[in-house]
$ cat query.txt   # compact mmCIF, N, CA and C atoms and all ligand atoms
# COMPACT_ATOMS: atom_id res chain seq x y z
N MET A 14 0.84 -1.21 0.00
CA MET A 14 0.00 0.00 0.00
C MET A 14 0.87 1.25 0.00
N THR A 15 0.54 2.23 -0.82
CA THR A 15 1.35 3.44 -0.94
C THR A 15 1.10 4.38 0.26
N VAL A 16 1.97 5.38 0.38
CA VAL A 16 1.79 6.38 1.43
C VAL A 16 0.45 7.09 1.25
N GLU A 17 0.10 7.40 0.02
CA GLU A 17 -1.18 8.10 -0.24
C GLU A 17 -2.36 7.23 0.19
N GLN A 18 -2.28 5.95 -0.10
CA GLN A 18 -3.36 5.04 0.33
C GLN A 18 -3.39 4.92 1.85
N MET A 19 -2.21 4.91 2.47
CA MET A 19 -2.14 4.83 3.93
C MET A 19 -2.77 6.06 4.58
N ILE A 20 -2.58 7.22 3.97
CA ILE A 20 -3.22 8.44 4.50
C ILE A 20 -4.73 8.30 4.42
N ASP A 21 -5.22 7.78 3.33
CA ASP A 21 -6.68 7.56 3.20
C ASP A 21 -7.18 6.53 4.22
N GLU A 22 -6.38 5.51 4.50
CA GLU A 22 -6.76 4.51 5.51
C GLU A 22 -6.85 5.16 6.90
N ALA A 23 -5.91 6.04 7.21
CA ALA A 23 -5.94 6.72 8.51
C ALA A 23 -7.16 7.64 8.60
N ILE A 24 -7.48 8.30 7.51
CA ILE A 24 -8.66 9.19 7.48
C ILE A 24 -9.94 8.36 7.71
N LYS A 25 -9.99 7.17 7.10
CA LYS A 25 -11.16 6.29 7.31
C LYS A 25 -11.22 5.81 8.76
N ALA A 26 -10.06 5.45 9.31
CA ALA A 26 -10.00 4.97 10.70
C ALA A 26 -10.49 6.05 11.67
N ARG A 27 -10.17 7.29 11.35
CA ARG A 27 -10.56 8.43 12.20
C ARG A 27 -12.08 8.48 12.38
N GLU A 28 -12.81 8.07 11.37
CA GLU A 28 -14.28 8.12 11.45
C GLU A 28 -14.83 7.19 12.53
N MET A 29 -14.03 6.22 12.94
CA MET A 29 -14.48 5.25 13.95
C MET A 29 -14.27 5.76 15.38
N ALA A 30 -13.65 6.93 15.54
CA ALA A 30 -13.29 7.43 16.87
C ALA A 30 -14.52 7.61 17.76
N TYR A 31 -14.33 7.35 19.04
CA TYR A 31 -15.38 7.57 20.06
C TYR A 31 -14.91 8.72 20.95
N THR A 32 -15.45 9.91 20.69
CA THR A 32 -14.90 11.12 21.32
C THR A 32 -16.00 12.03 21.87
N PRO A 33 -16.88 11.50 22.74
CA PRO A 33 -17.95 12.36 23.25
C PRO A 33 -17.45 13.50 24.13
N TYR A 34 -16.24 13.38 24.67
CA TYR A 34 -15.73 14.39 25.61
C TYR A 34 -14.92 15.46 24.92
N SER A 35 -13.96 15.07 24.09
CA SER A 35 -13.12 16.07 23.42
C SER A 35 -13.67 16.48 22.06
N GLU A 36 -14.48 15.64 21.45
CA GLU A 36 -14.91 15.85 20.06
C GLU A 36 -13.72 16.08 19.13
N PHE A 37 -12.60 15.48 19.48
CA PHE A 37 -11.36 15.59 18.67
C PHE A 37 -11.02 14.18 18.19
N LYS A 38 -11.33 13.94 16.93
CA LYS A 38 -11.16 12.59 16.37
C LYS A 38 -9.78 12.45 15.75
N VAL A 39 -9.15 11.31 16.03
CA VAL A 39 -7.83 11.02 15.48
C VAL A 39 -7.88 9.62 14.85
N GLY A 40 -7.18 9.48 13.74
CA GLY A 40 -7.08 8.17 13.08
C GLY A 40 -5.64 7.79 12.87
N ALA A 41 -5.38 6.49 12.85
CA ALA A 41 -4.01 6.01 12.60
C ALA A 41 -4.09 4.77 11.71
N ALA A 42 -3.06 4.62 10.89
CA ALA A 42 -2.92 3.40 10.09
C ALA A 42 -1.47 2.96 10.21
N LEU A 43 -1.30 1.68 10.53
CA LEU A 43 0.04 1.12 10.75
C LEU A 43 0.26 0.03 9.70
N ARG A 44 1.35 0.15 8.95
CA ARG A 44 1.66 -0.84 7.91
C ARG A 44 2.72 -1.79 8.43
N THR A 45 2.43 -3.08 8.32
CA THR A 45 3.41 -4.08 8.75
C THR A 45 4.39 -4.31 7.60
N LYS A 46 5.56 -4.88 7.97
CA LYS A 46 6.59 -5.14 6.97
C LYS A 46 6.06 -6.02 5.85
N ASP A 47 5.13 -6.94 6.18
CA ASP A 47 4.59 -7.81 5.14
C ASP A 47 3.35 -7.22 4.45
N GLY A 48 3.13 -5.91 4.66
CA GLY A 48 2.15 -5.20 3.83
C GLY A 48 0.72 -5.19 4.33
N GLU A 49 0.50 -5.64 5.56
CA GLU A 49 -0.86 -5.53 6.11
C GLU A 49 -1.05 -4.16 6.74
N VAL A 50 -2.31 -3.77 6.93
CA VAL A 50 -2.62 -2.47 7.54
C VAL A 50 -3.51 -2.67 8.75
N TYR A 51 -3.11 -2.06 9.86
CA TYR A 51 -3.91 -2.09 11.09
C TYR A 51 -4.36 -0.66 11.39
N HIS A 52 -5.63 -0.54 11.73
CA HIS A 52 -6.24 0.77 11.93
C HIS A 52 -6.40 1.07 13.42
N GLY A 53 -6.40 2.35 13.74
CA GLY A 53 -6.66 2.76 15.12
C GLY A 53 -7.39 4.08 15.15
N CYS A 54 -8.18 4.26 16.21
CA CYS A 54 -8.85 5.55 16.44
C CYS A 54 -8.78 5.81 17.94
N ASN A 55 -9.03 7.06 18.34
CA ASN A 55 -9.06 7.31 19.78
C ASN A 55 -10.41 6.89 20.34
N ILE A 56 -10.34 6.34 21.55
CA ILE A 56 -11.53 5.82 22.24
C ILE A 56 -11.51 6.40 23.64
N GLU A 57 -12.48 7.27 23.90
CA GLU A 57 -12.47 8.02 25.17
C GLU A 57 -13.33 7.32 26.23
N ASN A 58 -13.28 7.90 27.43
CA ASN A 58 -13.99 7.30 28.56
C ASN A 58 -14.40 8.41 29.52
N ALA A 59 -15.53 8.21 30.21
CA ALA A 59 -15.98 9.19 31.20
C ALA A 59 -14.92 9.41 32.27
N ALA A 60 -14.15 8.38 32.57
CA ALA A 60 -12.96 8.55 33.41
C ALA A 60 -11.84 8.96 32.44
N TYR A 61 -11.62 10.25 32.32
CA TYR A 61 -10.83 10.80 31.21
C TYR A 61 -9.47 10.15 31.03
N SER A 62 -8.83 9.77 32.13
CA SER A 62 -7.46 9.24 31.99
C SER A 62 -7.45 7.89 31.29
N MET A 63 -8.60 7.29 31.11
CA MET A 63 -8.68 6.00 30.41
C MET A 63 -8.74 6.16 28.89
N CYS A 64 -8.74 7.41 28.40
CA CYS A 64 -8.80 7.62 26.95
C CYS A 64 -7.61 6.96 26.27
N ASN A 65 -7.86 6.27 25.18
CA ASN A 65 -6.77 5.64 24.43
C ASN A 65 -6.63 6.32 23.07
N CYS A 66 -5.41 6.70 22.75
CA CYS A 66 -5.15 7.42 21.50
C CYS A 66 -5.21 6.48 20.29
N ALA A 67 -5.38 7.08 19.13
CA ALA A 67 -5.43 6.34 17.87
C ALA A 67 -4.14 5.56 17.61
N GLU A 68 -3.01 6.17 17.91
CA GLU A 68 -1.72 5.53 17.63
C GLU A 68 -1.57 4.24 18.43
N ARG A 69 -1.90 4.31 19.73
CA ARG A 69 -1.76 3.11 20.56
C ARG A 69 -2.81 2.08 20.20
N THR A 70 -4.00 2.51 19.82
CA THR A 70 -5.02 1.54 19.39
C THR A 70 -4.50 0.75 18.19
N ALA A 71 -3.95 1.43 17.21
CA ALA A 71 -3.44 0.75 16.00
C ALA A 71 -2.29 -0.18 16.34
N LEU A 72 -1.36 0.31 17.15
CA LEU A 72 -0.18 -0.51 17.46
C LEU A 72 -0.56 -1.73 18.31
N PHE A 73 -1.44 -1.54 19.29
CA PHE A 73 -1.84 -2.67 20.13
C PHE A 73 -2.66 -3.69 19.32
N HIS A 74 -3.44 -3.20 18.39
CA HIS A 74 -4.21 -4.09 17.51
C HIS A 74 -3.23 -4.97 16.71
N ALA A 75 -2.23 -4.34 16.12
CA ALA A 75 -1.25 -5.10 15.31
C ALA A 75 -0.48 -6.07 16.20
N TYR A 76 -0.03 -5.57 17.35
CA TYR A 76 0.78 -6.43 18.24
C TYR A 76 -0.04 -7.63 18.71
N ALA A 77 -1.28 -7.37 19.09
CA ALA A 77 -2.14 -8.45 19.59
C ALA A 77 -2.52 -9.44 18.49
N SER A 78 -2.35 -9.03 17.24
CA SER A 78 -2.59 -9.93 16.11
C SER A 78 -1.33 -10.70 15.73
N GLY A 79 -0.28 -10.51 16.50
CA GLY A 79 0.96 -11.27 16.27
C GLY A 79 1.94 -10.58 15.35
N LYS A 80 1.62 -9.38 14.90
CA LYS A 80 2.51 -8.64 14.00
C LYS A 80 3.55 -7.89 14.83
N ARG A 81 4.81 -8.04 14.46
CA ARG A 81 5.88 -7.48 15.27
C ARG A 81 6.76 -6.48 14.54
N VAL A 82 6.69 -6.46 13.21
CA VAL A 82 7.59 -5.58 12.45
C VAL A 82 6.76 -4.66 11.56
N TYR A 83 7.00 -3.36 11.71
CA TYR A 83 6.20 -2.34 11.04
C TYR A 83 7.13 -1.40 10.28
N ASP A 84 6.61 -0.79 9.21
CA ASP A 84 7.49 0.15 8.51
C ASP A 84 6.90 1.54 8.32
N LEU A 85 5.63 1.73 8.69
CA LEU A 85 5.05 3.08 8.54
C LEU A 85 3.83 3.23 9.42
N MET A 86 3.76 4.37 10.11
CA MET A 86 2.49 4.76 10.76
C MET A 86 2.08 6.12 10.23
N VAL A 87 0.79 6.24 9.91
CA VAL A 87 0.22 7.54 9.53
C VAL A 87 -0.78 7.94 10.61
N VAL A 88 -0.72 9.19 11.04
CA VAL A 88 -1.64 9.71 12.06
C VAL A 88 -2.32 10.96 11.49
N VAL A 89 -3.64 11.04 11.66
CA VAL A 89 -4.36 12.19 11.10
C VAL A 89 -5.40 12.71 12.09
N ALA A 90 -5.53 14.05 12.10
CA ALA A 90 -6.60 14.70 12.86
C ALA A 90 -7.00 15.96 12.09
N ASP A 91 -8.09 16.56 12.54
CA ASP A 91 -8.57 17.79 11.87
C ASP A 91 -7.90 18.99 12.53
N THR A 92 -6.64 19.19 12.21
CA THR A 92 -5.83 20.21 12.86
C THR A 92 -5.27 21.19 11.81
N GLU A 93 -4.88 22.37 12.28
CA GLU A 93 -4.33 23.37 11.34
C GLU A 93 -3.00 22.91 10.78
N ARG A 94 -2.21 22.27 11.66
CA ARG A 94 -0.93 21.70 11.25
C ARG A 94 -1.03 20.20 11.42
N PRO A 95 -0.12 19.44 10.80
CA PRO A 95 -0.14 17.99 11.02
C PRO A 95 -0.18 17.68 12.52
N VAL A 96 -1.00 16.70 12.89
CA VAL A 96 -1.24 16.37 14.30
C VAL A 96 0.07 15.98 15.01
N SER A 97 0.14 16.29 16.30
CA SER A 97 1.33 15.96 17.09
C SER A 97 1.00 14.86 18.10
N PRO A 98 1.63 13.69 17.99
CA PRO A 98 1.33 12.59 18.94
C PRO A 98 1.69 12.97 20.38
N CYS A 99 0.92 12.46 21.33
CA CYS A 99 1.18 12.77 22.74
C CYS A 99 2.42 12.01 23.23
N GLY A 100 2.88 12.39 24.40
CA GLY A 100 4.07 11.76 24.96
C GLY A 100 3.90 10.28 25.23
N ALA A 101 2.72 9.88 25.69
CA ALA A 101 2.49 8.46 25.99
C ALA A 101 2.64 7.63 24.72
N CYS A 102 2.08 8.10 23.62
CA CYS A 102 2.18 7.35 22.35
C CYS A 102 3.62 7.33 21.86
N ARG A 103 4.34 8.44 22.01
CA ARG A 103 5.75 8.46 21.60
C ARG A 103 6.53 7.39 22.38
N GLN A 104 6.24 7.27 23.66
CA GLN A 104 6.93 6.28 24.49
C GLN A 104 6.59 4.86 24.05
N VAL A 105 5.32 4.60 23.80
CA VAL A 105 4.90 3.24 23.40
C VAL A 105 5.46 2.90 22.02
N LEU A 106 5.44 3.86 21.10
CA LEU A 106 6.04 3.62 19.78
C LEU A 106 7.51 3.28 19.92
N SER A 107 8.21 3.98 20.82
CA SER A 107 9.66 3.75 20.92
C SER A 107 9.96 2.39 21.53
N GLU A 108 9.01 1.82 22.26
CA GLU A 108 9.21 0.47 22.82
C GLU A 108 9.02 -0.61 21.75
N LEU A 109 8.02 -0.44 20.90
CA LEU A 109 7.59 -1.54 20.01
C LEU A 109 7.96 -1.38 18.54
N CYS A 110 8.51 -0.22 18.18
CA CYS A 110 8.87 0.02 16.77
C CYS A 110 10.36 0.35 16.68
N GLU A 111 10.93 0.10 15.51
CA GLU A 111 12.33 0.47 15.28
C GLU A 111 12.46 1.99 15.28
N PRO A 112 13.60 2.51 15.78
CA PRO A 112 13.76 3.97 15.82
C PRO A 112 13.71 4.64 14.44
N ASP A 113 14.10 3.88 13.40
CA ASP A 113 14.07 4.50 12.06
C ASP A 113 12.74 4.29 11.33
N MET A 114 11.74 3.75 12.03
CA MET A 114 10.44 3.59 11.37
C MET A 114 9.84 4.95 11.02
N LYS A 115 9.32 5.03 9.81
CA LYS A 115 8.76 6.29 9.34
C LYS A 115 7.39 6.55 9.99
N VAL A 116 7.18 7.82 10.39
CA VAL A 116 5.87 8.24 10.92
C VAL A 116 5.44 9.46 10.11
N ILE A 117 4.25 9.40 9.55
CA ILE A 117 3.72 10.53 8.79
C ILE A 117 2.57 11.13 9.57
N LEU A 118 2.75 12.40 9.92
CA LEU A 118 1.72 13.16 10.64
C LEU A 118 1.02 14.03 9.61
N THR A 119 -0.31 14.05 9.67
CA THR A 119 -1.02 14.81 8.65
C THR A 119 -2.32 15.38 9.21
N ASN A 120 -3.06 16.06 8.34
CA ASN A 120 -4.36 16.61 8.72
C ASN A 120 -5.33 16.36 7.56
N LEU A 121 -6.55 16.87 7.69
CA LEU A 121 -7.54 16.55 6.65
C LEU A 121 -7.23 17.26 5.33
N GLN A 122 -6.36 18.26 5.38
CA GLN A 122 -5.90 18.91 4.14
C GLN A 122 -4.74 18.14 3.52
N LYS A 123 -4.33 17.09 4.17
CA LYS A 123 -3.22 16.24 3.75
C LYS A 123 -1.89 16.99 3.70
N GLU A 124 -1.75 17.97 4.62
CA GLU A 124 -0.42 18.56 4.84
C GLU A 124 0.37 17.53 5.62
N VAL A 125 1.59 17.26 5.18
CA VAL A 125 2.35 16.13 5.72
C VAL A 125 3.61 16.60 6.43
N GLN A 126 3.83 16.02 7.59
CA GLN A 126 5.13 16.16 8.27
C GLN A 126 5.68 14.75 8.45
N GLU A 127 6.83 14.52 7.86
CA GLU A 127 7.43 13.19 7.93
C GLU A 127 8.49 13.16 9.03
N THR A 128 8.42 12.13 9.87
CA THR A 128 9.40 12.01 10.94
C THR A 128 9.68 10.52 11.17
N THR A 129 10.36 10.22 12.28
CA THR A 129 10.61 8.82 12.63
C THR A 129 10.30 8.63 14.11
N VAL A 130 10.19 7.37 14.50
CA VAL A 130 9.93 7.04 15.90
C VAL A 130 11.05 7.62 16.78
N GLY A 131 12.29 7.47 16.36
CA GLY A 131 13.41 7.98 17.16
C GLY A 131 13.40 9.49 17.30
N ALA A 132 13.05 10.17 16.22
CA ALA A 132 13.03 11.64 16.26
C ALA A 132 11.88 12.15 17.12
N LEU A 133 10.80 11.37 17.24
CA LEU A 133 9.65 11.81 18.04
C LEU A 133 9.96 11.82 19.53
N LEU A 134 10.88 10.94 19.95
CA LEU A 134 11.18 10.89 21.39
C LEU A 134 12.66 10.57 21.63
N PRO A 135 13.52 11.58 21.45
CA PRO A 135 14.93 11.36 21.75
C PRO A 135 15.08 11.07 23.25
N GLY A 136 15.95 10.13 23.58
CA GLY A 136 16.20 9.84 24.99
C GLY A 136 15.08 9.09 25.66
N ALA A 137 14.28 8.34 24.88
CA ALA A 137 13.17 7.58 25.47
C ALA A 137 13.66 6.66 26.57
N PHE A 138 12.86 6.49 27.58
CA PHE A 138 13.14 5.51 28.64
C PHE A 138 13.04 4.13 28.03
N GLN A 139 14.09 3.31 28.21
CA GLN A 139 14.14 2.00 27.56
C GLN A 139 14.40 0.91 28.57
N SER A 140 14.32 -0.35 28.10
CA SER A 140 14.47 -1.47 29.04
C SER A 140 15.83 -1.43 29.73
N ASP A 141 16.90 -1.00 29.03
CA ASP A 141 18.20 -0.99 29.72
C ASP A 141 18.33 0.14 30.73
N ASP A 142 17.38 1.08 30.72
CA ASP A 142 17.37 2.09 31.79
C ASP A 142 16.84 1.52 33.10
N LEU A 143 16.36 0.30 33.07
CA LEU A 143 15.86 -0.34 34.29
C LEU A 143 16.99 -0.98 35.10
N THR A 144 18.21 -0.91 34.58
CA THR A 144 19.35 -1.49 35.27
C THR A 144 19.61 -0.76 36.57
N LYS A 145 19.67 -1.52 37.66
CA LYS A 145 19.89 -0.91 38.98
C LYS A 145 21.38 -0.93 39.35
N THR A 146 21.76 -0.15 40.32
CA THR A 146 23.19 -0.08 40.68
C THR A 146 23.60 -1.31 41.48
N LYS A 147 22.68 -1.94 42.18
CA LYS A 147 23.04 -3.17 42.93
C LYS A 147 21.82 -4.05 43.08
O1 LIG B 201 -1.94 12.23 18.58
C1 LIG B 201 -3.00 12.21 19.25
C2 LIG B 201 -3.41 13.29 20.04
C3 LIG B 201 -4.59 13.17 20.74
N1 LIG B 201 -5.33 12.03 20.63
C4 LIG B 201 -6.64 11.94 21.33
C5 LIG B 201 -6.63 11.71 22.81
C6 LIG B 201 -7.98 12.29 23.20
O2 LIG B 201 -9.00 11.32 22.93
C7 LIG B 201 -8.17 13.44 22.22
C8 LIG B 201 -7.83 14.79 22.79
O3 LIG B 201 -6.56 14.80 23.33
O4 LIG B 201 -7.34 13.14 21.12
C9 LIG B 201 -4.95 10.97 19.86
O5 LIG B 201 -5.66 9.98 19.71
N2 LIG B 201 -3.76 11.09 19.21
ZN ZN B 202 -1.30 9.57 22.31
$ encode --input "query.txt" --output "structure tokens" --more "lines below"
Ligand SMILES: O=c1ccn([C@H]2C[C@H](O)[C@@H](CO)O2)c(=O)[nH]1
Ligand SMILES: [Zn+2]
Amino acid sequence: MTVEQMIDEAIKAREMAYTPYSEFKVGAALRTKDGEVYHGCNIENAAYSMCNCAERTALFHAYASGKRVYDLMVVVADTERPVSPCGACRQVLSELCEPDMKVILTNLQKEVQETTVGALLPGAFQSDDLTKTK
């Protein structure tokens, strides 16, 4: 699937969002190395801290389906500039995706900002940071 098709997939995924509190819909499309596409949308909750972002929905869907290697995520929202992923999603992406994986941030006008997982969160907390002194 091309980048242009992936953007359209993320736009379609956005329509599935459940956002009664923020009314801010976000969509994500994650392409696996073997060419499959997993969709995500944000899903909110009356207990606000339980809201799950589109990026994590897509990644957890792919991971739970047994897919482990990804080469592109597209994220879209109805924003003036390409949408900016939150810190929690940057952290989760840095755990489960390669640092050089491409991430395309966009909006409904299809203005594109291209970045990578590593560039989104330099200095991410990683498993080797769990090493204790004794
Ligand atoms: O990159 C982003 C930014 C925000 N949200 C969601 C979380 C919440 O449901 C709403 C407002 O923050 O948008 C995402 O899904 N992805
Ligand atoms: Zn997020």
$ atom_distance --input "query.txt" --atom1 "CA of Val87 in chain A" --atom2 "CA of Thr119 in chain A"
7.4 Å
$ residues_near_ligand --input "query.txt" --ligand "ligand ZN 202 (chain B)" --cutoff "6 Å" --atoms "all atoms listed in the file" --output "count of residues only"
10
$ closest_atom_pairs --input "query.txt" --of "chain A" --to "ligand LIG 201 (chain B)" --cutoff "6.5 Å" --atoms "all atoms listed in the file" --output "JSON lines"
{"residue": "A:Thr32", "atom": "CA", "partner": "B:LIG201", "partner_atom": "O2", "distance": 6.1}
{"residue": "A:Ser35", "atom": "CA", "partner": "B:LIG201", "partner_atom": "C8", "distance": 5.5}
{"residue": "A:Phe37", "atom": "C", "partner": "B:LIG201", "partner_atom": "O4", "distance": 4.8}
{"residue": "A:Lys38", "atom": "N", "partner": "B:LIG201", "partner_atom": "O4", "distance": 5.8}
{"residue": "A:Val39", "atom": "CA", "partner": "B:LIG201", "partner_atom": "O5", "distance": 4.9}
{"residue": "A:Gly40", "atom": "N", "partner": "B:LIG201", "partner_atom": "O5", "distance": 6.2}
{"residue": "A:Cys54", "atom": "C", "partner": "B:LIG201", "partner_atom": "O5", "distance": 5.5}
{"residue": "A:Asn55", "atom": "CA", "partner": "B:LIG201", "partner_atom": "O5", "distance": 4.3}
{"residue": "A:Ile56", "atom": "N", "partner": "B:LIG201", "partner_atom": "O2", "distance": 5.3}
{"residue": "A:Glu57", "atom": "CA", "partner": "B:LIG201", "partner_atom": "O2", "distance": 5.3}
{"residue": "A:Cys64", "atom": "CA", "partner": "B:LIG201", "partner_atom": "O2", "distance": 5.5}
{"residue": "A:Asn65", "atom": "C", "partner": "B:LIG201", "partner_atom": "O5", "distance": 5.1}
{"residue": "A:Cys66", "atom": "CA", "partner": "B:LIG201", "partner_atom": "O5", "distance": 3.2}
{"residue": "A:Ala67", "atom": "N", "partner": "B:LIG201", "partner_atom": "O5", "distance": 3.0}
{"residue": "A:Glu68", "atom": "N", "partner": "B:LIG201", "partner_atom": "O5", "distance": 5.0}
{"residue": "A:Val96", "atom": "C", "partner": "B:LIG201", "partner_atom": "O1", "distance": 5.6}
{"residue": "A:Ser97", "atom": "C", "partner": "B:LIG201", "partner_atom": "O1", "distance": 4.0}
{"residue": "A:Pro98", "atom": "CA", "partner": "B:LIG201", "partner_atom": "O1", "distance": 3.3}
{"residue": "A:Cys99", "atom": "N", "partner": "B:LIG201", "partner_atom": "O1", "distance": 4.0}
$ closest_residue --input "query.txt" --among "A:Glu17, A:Asp84, A:Glu22, A:Glu36" --to "Gly48 in chain A" --atoms "all atoms listed in the file"
A:Asp84
$ select_by_dssp --input "query.txt" --residues "range 19-143 of chain A" --states "strand (DSSP E)" --output "tab-separated table (two decimals) with N, CA and C atoms, in the frame of the given file"
chain	number	residue	atom	x	y	z
A	39	VAL	N	-9.15	11.31	16.03
A	39	VAL	CA	-7.83	11.02	15.48
A	39	VAL	C	-7.88	9.62	14.85
A	40	GLY	N	-7.18	9.48	13.74
A	40	GLY	CA	-7.08	8.17	13.08
A	40	GLY	C	-5.64	7.79	12.87
A	41	ALA	N	-5.38	6.49	12.85
A	41	ALA	CA	-4.01	6.01	12.60
A	41	ALA	C	-4.09	4.77	11.71
A	42	ALA	N	-3.06	4.62	10.89
A	42	ALA	CA	-2.92	3.40	10.09
A	42	ALA	C	-1.47	2.96	10.21
A	43	LEU	N	-1.30	1.68	10.53
A	43	LEU	CA	0.04	1.12	10.75
A	43	LEU	C	0.26	0.03	9.70
A	44	ARG	N	1.35	0.15	8.95
A	44	ARG	CA	1.66	-0.84	7.91
A	44	ARG	C	2.72	-1.79	8.43
A	45	THR	N	2.43	-3.08	8.32
A	45	THR	CA	3.41	-4.08	8.75
A	45	THR	C	4.39	-4.31	7.60
A	50	VAL	N	-2.31	-3.77	6.93
A	50	VAL	CA	-2.62	-2.47	7.54
A	50	VAL	C	-3.51	-2.67	8.75
A	51	TYR	N	-3.11	-2.06	9.86
A	51	TYR	CA	-3.91	-2.09	11.09
A	51	TYR	C	-4.36	-0.66	11.39
A	52	HIS	N	-5.63	-0.54	11.73
A	52	HIS	CA	-6.24	0.77	11.93
A	52	HIS	C	-6.40	1.07	13.42
A	53	GLY	N	-6.40	2.35	13.74
A	53	GLY	CA	-6.66	2.76	15.12
A	53	GLY	C	-7.39	4.08	15.15
A	54	CYS	N	-8.18	4.26	16.21
A	54	CYS	CA	-8.85	5.55	16.44
A	54	CYS	C	-8.78	5.81	17.94
A	83	TYR	N	7.00	-3.36	11.71
A	83	TYR	CA	6.20	-2.34	11.04
A	83	TYR	C	7.13	-1.40	10.28
A	84	ASP	N	6.61	-0.79	9.21
A	84	ASP	CA	7.49	0.15	8.51
A	84	ASP	C	6.90	1.54	8.32
A	85	LEU	N	5.63	1.73	8.69
A	85	LEU	CA	5.05	3.08	8.54
A	85	LEU	C	3.83	3.23	9.42
A	86	MET	N	3.76	4.37	10.11
A	86	MET	CA	2.49	4.76	10.76
A	86	MET	C	2.08	6.12	10.23
A	87	VAL	N	0.79	6.24	9.91
A	87	VAL	CA	0.22	7.54	9.53
A	87	VAL	C	-0.78	7.94	10.61
A	88	VAL	N	-0.72	9.19	11.04
A	88	VAL	CA	-1.64	9.71	12.06
A	88	VAL	C	-2.32	10.96	11.49
A	89	VAL	N	-3.64	11.04	11.66
A	89	VAL	CA	-4.36	12.19	11.10
A	89	VAL	C	-5.40	12.71	12.09
A	90	ALA	N	-5.53	14.05	12.10
A	90	ALA	CA	-6.60	14.70	12.86
A	90	ALA	C	-7.00	15.96	12.09
A	115	LYS	N	9.32	5.03	9.81
A	115	LYS	CA	8.76	6.29	9.34
A	115	LYS	C	7.39	6.55	9.99
A	116	VAL	N	7.18	7.82	10.39
A	116	VAL	CA	5.87	8.24	10.92
A	116	VAL	C	5.44	9.46	10.11
A	117	ILE	N	4.25	9.40	9.55
A	117	ILE	CA	3.72	10.53	8.79
A	117	ILE	C	2.57	11.13	9.57
A	118	LEU	N	2.75	12.40	9.92
A	118	LEU	CA	1.72	13.16	10.64
A	118	LEU	C	1.02	14.03	9.61
A	119	THR	N	-0.31	14.05	9.67
A	119	THR	CA	-1.02	14.81	8.65
A	119	THR	C	-2.32	15.38	9.21
A	120	ASN	N	-3.06	16.06	8.34
A	120	ASN	CA	-4.36	16.61	8.72
A	120	ASN	C	-5.33	16.36	7.56
A	125	VAL	N	1.59	17.26	5.18
A	125	VAL	CA	2.35	16.13	5.72
A	125	VAL	C	3.61	16.60	6.43
A	126	GLN	N	3.83	16.02	7.59
A	126	GLN	CA	5.13	16.16	8.27
A	126	GLN	C	5.68	14.75	8.45
A	127	GLU	N	6.83	14.52	7.86
A	127	GLU	CA	7.43	13.19	7.93
A	127	GLU	C	8.49	13.16	9.03
A	128	THR	N	8.42	12.13	9.87
A	128	THR	CA	9.40	12.01	10.94
A	128	THR	C	9.68	10.52	11.17
A	129	THR	N	10.36	10.22	12.28
A	129	THR	CA	10.61	8.82	12.63
A	129	THR	C	10.30	8.63	14.11
